[in-house]
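Enquirer: Can you read through this structure? Questions will come right after.
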Amino acid sequence: MEYEPVIGLEIHAELKTKTKMFCDCFNDSDEKQPNKNICQVCLGHPGTLPVINKKAVESVLTVGLALDSDIPEFSKFDRKNYFYPDLPKGYQISQYDEPLCRGGKLSLYLSDDPQESLKEIEIERVHLEEDTGKLIHPEDKKSTLIDFNRAGVPLMELVTKPVIHSGKEARLFAQGLQILLKTLKVSKADMEKGQMRCEVNISLKPQGQKELGTKVEVKNLNSFRAVERAIDYEIQRQTQLLEQGEKIIQETRGWDPIKEITYSQRTKEEAQDYRYFPEPDLPPLNVYKLFDFKKLKAELPELPWQTKQNLIQTYNIPSQGANILVQDDKALLLFKETVSKLDPEYKKTGTSLTDNYLTTDILGIKEKEGLNWEDIRLSSDNFAQLINNLASEKISSRVAKDILLDIIHSNQDVEEIIKTKGLEKISDESILISIIEEIIKDNPKAIEDYKKGKENAIQFLVGQAMAKLKGAADPKELEKLIREKITG
Ligand SMILES: [Zn+2]
């Protein structure tokens, strides 16, 4: 029998507010000293009262507006009761039946496949709650430490409808959401730092059947790779069980990123186990009285899918390049500035070269050398000069790459480098031929090999000639001339 995977995501993101959700403590995810940003409110001392952080509410509403969610007039907070040592109050203030945002959609806009990138993933709800503290298990295993710096940090929870069908779709959704949260400046959404965390619900449905299968939840997915791999693994595991005639157990599973398998953690609590009830210490919210929605809408930045579409339409660059630029605002700025400074005569080739050299070479060097954008000295003026020289075929691509490596660190004037190092491409055939004659004279073995049919001998000769010319020639041109010269 064929099974259809049905997947829903729950994504938590820590909001980047100055203070915590219900008190004045600093919300600083980089604080290394444990239990520094704490007070009676976030420690749940008796008699203290929470006060709602307006900025946190605004952040979630902004996300809702960007996702085109419904924003109901009334919303309220509820107590979610459960006992765990990292939860100092013994309950979490969350939202149950009246979340801030309902519905909405996010497309898989980061996909390079145009069909897939139009697919819209429907959203169930987006709500606001508080984060828990952190349990630290020292190596001696005799004790557990608690750091409450994170307790009470505003946490956004987004739940999708069960409309995702593969690990890849889930990853593309999560990646797209991360970029949206960064673009809206509401969360740093760094998964490695736990600022964005994913849980997935997976069930298998026999093809053609309406009813959903038994749901398994996988928690603690701390990377996009983990999201994709855990889902693919679960689909495989559950298919195998069903094919063997066994039942799927409703449970929560963990993810082992080393072995790349899921493992059973506990059977799932039902919602009533949490004994939700309206938070008596907080008033219901009427967000339309608290916020000017016209202003909130007007203040939305260009959303990442709009940016991507604009890049493709305006600059005619491929989806892949656009995806990279959408994810890196510094690279995007450098791209736009550079293109605006290109020689109009070579605008089309130059734009495509700018995209290539930026998204492949510059970002490649940045990653390889572990650089930050602040370490990259290259200015858009100088980058445009480099591209102009390349597009007009004044320099070869090999020379351009050498210069690029230099100017990333120094921003030394491109024209000056070309002049002082004599890197201008030599297209004067008589000069090329005289160099080739030298090479042929110096490498009789390679010539013999070539005549015997060894094709790579020619590449060796081209390499020798390029080295002699310091890369200032077109290798294809050289190859043609060498062949002509040898075969006479
Ligand atoms: Zn506090």
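In the structure tokens, chains take letters A, B, ... by order of appearance, with residues numbered from 1 within each chain and ligands from 1 in the order shown.
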Determine, counting only C-alpha atoms, which protein, DNA and RNA residues have an atom within 8 Å of an atom of range 2-12 of chain A; residues of the same chain fewer than 3 positions away are not included. Present the result as an MDAnalysis selection string.
Expert: chainID A and resid 155:166 170 174 195:207 212 235 239
Enquirer: List the neighbours of Asn286 in chain A out to 10 Å using only C-alpha atoms; skip same-chain residues closer than 5 positions along the sequence, and give me the result as a list in words.
Expert: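 With the cut-off at 10 Å, the set is Pro72, Glu73, Phe74, Ser75, Lys76, Leu100 and Phe291 of chain A.
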Enquirer: Please report, as a VMD selection string, each residue of range 150-245 of chain A to which DSSP assigns strand (DSSP E or B) when run on this structure's backbone.
Expert: chain A and resid 154 to 160 164 196 to 206 216 to 221
Enquirer: At a cut-off of 9 Å, using only C-alpha atoms, what residues contact range 472-485 of chain A? Leave out same-chain residues fewer than 5 positions from it and give the result as a ChimeraX atom specification.
Expert: /A:395-399,422-427,429,432-433,436-437,440,458-459,461-463,465-467
Enquirer: Residues within 6 Å of ligand 1, counting only C-alpha atoms and all ligand atoms: report them as a PyMOL selection string.
Expert: chain A and resi 23-25+38-39+41-42
Enquirer: Mind giving me the straight-line distance from CA of Glu337 in chain A to CA of Ile317 in chain A in Å, one decimal?
Expert: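 Separation of CA of Glu337 in chain A and CA of Ile317 in chain A: 15.4 Å.
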Enquirer: Have a look at CA of Gly254 in chain A and CA of Val216 in chain A and let me know their distance in Å, one decimal.
Expert: 10.5 Å
Enquirer: If you count only C-alpha atoms, which residues fall within 12 Å of Pro46 in chain A, apart from same-chain ones fewer than 3 positions away, as a ChimeraX atom specification?
Expert: /A:40-43,49-50,88-90
Enquirer: Write out as a ChimeraX atom specification each polymer residue whose atoms come within 10 Å of Tyr263 in chain A, counting only C-alpha atoms; drop sequence neighbours fewer than 2 positions from it.
Expert: /A:218,234,252-256,260-261,265-266
Enquirer: Leaving out Ser117 in chain A and any residue of its chain fewer than 5 positions from it, which residues lie within 6 Å of it when counting only C-alpha atoms, given as an MDAnalysis selection string?
Expert: chainID A and resid 108:109 111
Enquirer: Which residue out of A:Ser392, A:Gln306, A:Ser264, A:Gln385 has the minimum interatomic distance to Glu345 in chain A when only C-alpha atoms are used?
Expert: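 Selected residue with least distance to Glu345 in chain A: A:Ser392.
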Enquirer: Could you pull out all residues of range 296-461 of chain A with a DSSP call of helix (DSSP H, G or I) and give them as a ChimeraX atom specification?
Expert: /A:296-298,304-315,319-326,329-340,344-368,373-375,380-391,397-410,414-421,429-442,444-451,456-461
Enquirer: Find the residue from A:Ile179, A:Leu296, A:Leu172, A:Ala151 that sits nearest to Asp329 in chain A; use only C-alpha atoms when measuring.
Expert: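 Using only C-alpha atoms, the shortest distance to Asp329 in chain A belongs to A:Ile179.
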Enquirer: Rounded to one decimal in Å, what is the spacing between CA of Tyr96 in chain A and CA of Ser59 in chain A?
Expert: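 It comes out at 18.5 Å.
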Enquirer: Could you name the residues that touch Glu129 in chain A at 12 Å or less, counting only C-alpha atoms, but leaving out those on the same chain fewer than 6 positions away, as number ranges by chain?
Expert: A: 12-15, 20-22, 52-53, 56-57, 60, 76-80, 91-96, 99-100, 151-158, 279
Enquirer: For Lys55 in chain A, which residue among A:Lys168, A:Pro257, A:Leu145, A:Leu290 is the nearest when counting only C-alpha atoms?
Expert: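 Among the listed residues, the smallest separation from Lys55 in chain A belongs to A:Leu290.
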